[in-house]
Amino acid sequence: MAAIPAAAPFVARDRDLHNRALLRGWLYVVVLVLFALVLVGGATRLTDSGLAITQWKPIHGIIPPLNDAEWQEEFQLYRQIPQYAELNKGMSIEAFKSIFWWEWAHRILARSVGLVFALPLLFFWATRRIERGLGTKLLGILFLGGLQGAIGWWMVASGLVERVSVSQYRLATHLTLAALIFTATMVVARGLAPHSEPAADRSTQRLAGFIVLLALVQIYLGGLVAGLDAGLSYNTWPLMDGKIIPGDLLLLEPAWRNFFENPKTVQFVHRLGAYTVFVVALWHMIATRRRLTGSTHARRATLLFLAVLVQASIGIGTLLMHVPLHMALAHQGFALIVLGFASAHWRGTKGAYPLPHEIALRN
């Protein structure tokens, strides 16, 4: 009889690891769908397709126009907004379809990621595979996803009445919240993964977390650049408008507006953000390699810096080439790769979540 209690901890451990593997696989699928969603959203913005669908129909909107009459009805709605009147007057129905499909794909992916997250979450909850404390994190991500849908429409609505494009404030908010959901999902998935080494020291953990924060801020700044089309001017590097620090950065009054509404200032601040991420990632790599020589933490810090270096190169190339679609999407996509790796690295420095059976044994 004594063999049964002795084996119980091993059975519980195997069960915990199996459940974690299932949850982790599911969350990585969510990460991939989120990645695709952000890329399609970037293409939607870069092709000026974001206002092609002028109504928010969460359920009915899944079905696109199926015949000529429905296409004409959708096109007539688009012709009532300022973007058509001021930028696209005389557009053909075929040209309209090309922008419609980008926006429709973006919306259908957004709905899909909600289902990909919510339905498995319900299954794992019903089958009691979600550990104590993990449910709150997952529900928080689900809430952010619902909020993101509302913010997406809030963003689109800003371009339907007086503007010919969406507000850069709302676009940057929409993009940053998507990045935050992406980060949170990656962090939880990484916390459920086995870790080969103990947690790093607090200093390493804090600096790794700071890089995640810097990456999120930089993505917000990139949203402002996209919203203002600020990357289409001053296409030189390292000089900007012929100078290291260009003039006329504070033309608007009050001064704070320049950091959100002046394309020149917004691009300059985005450049400064890139330099900051580069320097901090470099310092983190050097410090971690010195403090934790030969460790997994040090190797990840090195890979993170190399990813930042690649992203900086893509960003410079995108600027010098006057923001072609393929380069702009590569820049946005690799920004998410950097953010995802930084998030996983940060969680890795903290170690995995304690296994439920370990917590039970302590108590």
# chains A, B, ... in the order shown; residues from 1 in each chain; ligands from 1
$ select_by_dssp --residues "region 325-356 of chain A" --states "helix (DSSP H, G or I)" --output "VMD selection string"
chain A and resid 325 to 350 356
$ residues_around --residues "Gln72 (chain A)" --least-positions-apart "6" --cutoff "10 Å" --atoms "only C-alpha atoms" --output "VMD selection string"
chain A and resid 65 78 93
$ write_last_selection --atoms "all heavy atoms" --output "mmCIF file, in the first residue's frame"
data_model
loop_
_atom_site.group_PDB
_atom_site.id
_atom_site.type_symbol
_atom_site.label_atom_id
_atom_site.label_comp_id
_atom_site.auth_asym_id
_atom_site.auth_seq_id
_atom_site.Cartn_x
_atom_site.Cartn_y
_atom_site.Cartn_z
ATOM 1 N N PRO A 65 -20.022 40.921 -49.284
ATOM 2 C CA PRO A 65 -21.005 41.025 -50.377
ATOM 3 C C PRO A 65 -20.931 39.800 -51.292
ATOM 4 O O PRO A 65 -19.847 39.349 -51.649
ATOM 5 C CB PRO A 65 -20.579 42.299 -51.114
ATOM 6 C CG PRO A 65 -19.873 43.112 -50.071
ATOM 7 C CD PRO A 65 -19.160 42.124 -49.214
ATOM 8 N N TYR A 78 -19.441 53.641 -48.709
ATOM 9 C CA TYR A 78 -18.086 54.197 -48.718
ATOM 10 C C TYR A 78 -18.057 55.572 -49.380
ATOM 11 O O TYR A 78 -17.330 56.467 -48.949
ATOM 12 C CB TYR A 78 -17.134 53.238 -49.435
ATOM 13 C CG TYR A 78 -15.723 53.766 -49.560
ATOM 14 C CD1 TYR A 78 -14.902 53.894 -48.439
ATOM 15 C CD2 TYR A 78 -15.219 54.155 -50.802
ATOM 16 C CE1 TYR A 78 -13.609 54.386 -48.551
ATOM 17 C CE2 TYR A 78 -13.928 54.649 -50.924
ATOM 18 C CZ TYR A 78 -13.129 54.766 -49.790
ATOM 19 O OH TYR A 78 -11.849 55.276 -49.906
ATOM 20 N N ILE A 93 -15.514 50.305 -58.984
ATOM 21 C CA ILE A 93 -15.958 49.266 -58.060
ATOM 22 C C ILE A 93 -14.874 48.227 -57.840
ATOM 23 O O ILE A 93 -14.717 47.680 -56.743
ATOM 24 C CB ILE A 93 -17.265 48.604 -58.562
ATOM 25 C CG1 ILE A 93 -17.835 47.642 -57.520
ATOM 26 C CG2 ILE A 93 -17.031 47.903 -59.898
ATOM 27 C CD1 ILE A 93 -18.362 48.295 -56.293
#
$ residues_around --residues "Lys350 (chain A)" --least-positions-apart "2" --cutoff "10 Å" --atoms "only C-alpha atoms" --output "ChimeraX atom specification"
/A:191,195,198-202,204-206,208-209,345-348,352-353
$ closest_residue --among "A:Gly317, A:Leu23, A:Gly159, A:Arg45" --to "Leu122 (chain A)" --atoms "only C-alpha atoms"
A:Leu23
$ residues_around --residues "Leu221 (chain A)" --least-positions-apart "2" --cutoff "9 Å" --atoms "only C-alpha atoms" --output "list in words"
Ala172, Leu216, Val217, Gln218, Ile219, Gly223, Leu224, Val225, Ala226, Phe260, Val266, Gln267, Val269, His270 and Gly273 of chain A
$ write_last_selection --atoms "N, CA and C atoms" --output "PDB file, in the first residue's frame"
ATOM      1  N   ALA A 172      -2.557  54.375 -32.914  1.00  0.00           N
ATOM      2  CA  ALA A 172      -1.452  53.970 -32.043  1.00  0.00           C
ATOM      3  C   ALA A 172      -1.965  53.199 -30.830  1.00  0.00           C
ATOM      4  N   LEU A 216       7.300  48.119 -26.267  1.00  0.00           N
ATOM      5  CA  LEU A 216       5.896  48.523 -26.356  1.00  0.00           C
ATOM      6  C   LEU A 216       5.777  50.019 -26.656  1.00  0.00           C
ATOM      7  N   VAL A 217       6.594  50.825 -25.992  1.00  0.00           N
ATOM      8  CA  VAL A 217       6.581  52.273 -26.256  1.00  0.00           C
ATOM      9  C   VAL A 217       6.978  52.540 -27.702  1.00  0.00           C
ATOM     10  N   GLN A 218       7.987  51.835 -28.179  1.00  0.00           N
ATOM     11  CA  GLN A 218       8.449  52.028 -29.553  1.00  0.00           C
ATOM     12  C   GLN A 218       7.374  51.633 -30.567  1.00  0.00           C
ATOM     13  N   ILE A 219       6.614  50.605 -30.257  1.00  0.00           N
ATOM     14  CA  ILE A 219       5.506  50.217 -31.130  1.00  0.00           C
ATOM     15  C   ILE A 219       4.426  51.293 -31.129  1.00  0.00           C
ATOM     16  N   GLY A 223       3.084  53.442 -34.299  1.00  0.00           N
ATOM     17  CA  GLY A 223       1.691  53.668 -34.648  1.00  0.00           C
ATOM     18  C   GLY A 223       1.425  55.123 -34.995  1.00  0.00           C
ATOM     19  N   LEU A 224       2.040  56.030 -34.253  1.00  0.00           N
ATOM     20  CA  LEU A 224       1.905  57.454 -34.568  1.00  0.00           C
ATOM     21  C   LEU A 224       2.533  57.772 -35.918  1.00  0.00           C
ATOM     22  N   VAL A 225       3.703  57.188 -36.185  1.00  0.00           N
ATOM     23  CA  VAL A 225       4.368  57.393 -37.477  1.00  0.00           C
ATOM     24  C   VAL A 225       3.455  56.917 -38.609  1.00  0.00           C
ATOM     25  N   ALA A 226       2.868  55.733 -38.445  1.00  0.00           N
ATOM     26  CA  ALA A 226       1.981  55.199 -39.485  1.00  0.00           C
ATOM     27  C   ALA A 226       0.745  56.072 -39.650  1.00  0.00           C
ATOM     28  N   PHE A 260       2.807  64.292 -31.025  1.00  0.00           N
ATOM     29  CA  PHE A 260       1.728  63.423 -31.496  1.00  0.00           C
ATOM     30  C   PHE A 260       1.179  63.840 -32.853  1.00  0.00           C
ATOM     31  N   VAL A 266       7.420  63.458 -34.668  1.00  0.00           N
ATOM     32  CA  VAL A 266       7.048  62.068 -34.397  1.00  0.00           C
ATOM     33  C   VAL A 266       8.086  61.115 -34.982  1.00  0.00           C
ATOM     34  N   GLN A 267       8.536  61.374 -36.214  1.00  0.00           N
ATOM     35  CA  GLN A 267       9.564  60.503 -36.786  1.00  0.00           C
ATOM     36  C   GLN A 267      10.869  60.605 -36.004  1.00  0.00           C
ATOM     37  N   VAL A 269      11.311  61.354 -32.815  1.00  0.00           N
ATOM     38  CA  VAL A 269      11.169  60.660 -31.528  1.00  0.00           C
ATOM     39  C   VAL A 269      11.197  59.149 -31.734  1.00  0.00           C
ATOM     40  N   HIS A 270      10.610  58.674 -32.836  1.00  0.00           N
ATOM     41  CA  HIS A 270      10.651  57.239 -33.138  1.00  0.00           C
ATOM     42  C   HIS A 270      12.096  56.785 -33.370  1.00  0.00           C
ATOM     43  N   GLY A 273      13.693  56.551 -30.024  1.00  0.00           N
ATOM     44  CA  GLY A 273      13.241  55.336 -29.357  1.00  0.00           C
ATOM     45  C   GLY A 273      14.007  54.121 -29.837  1.00  0.00           C
TER      46      GLY A 273
END
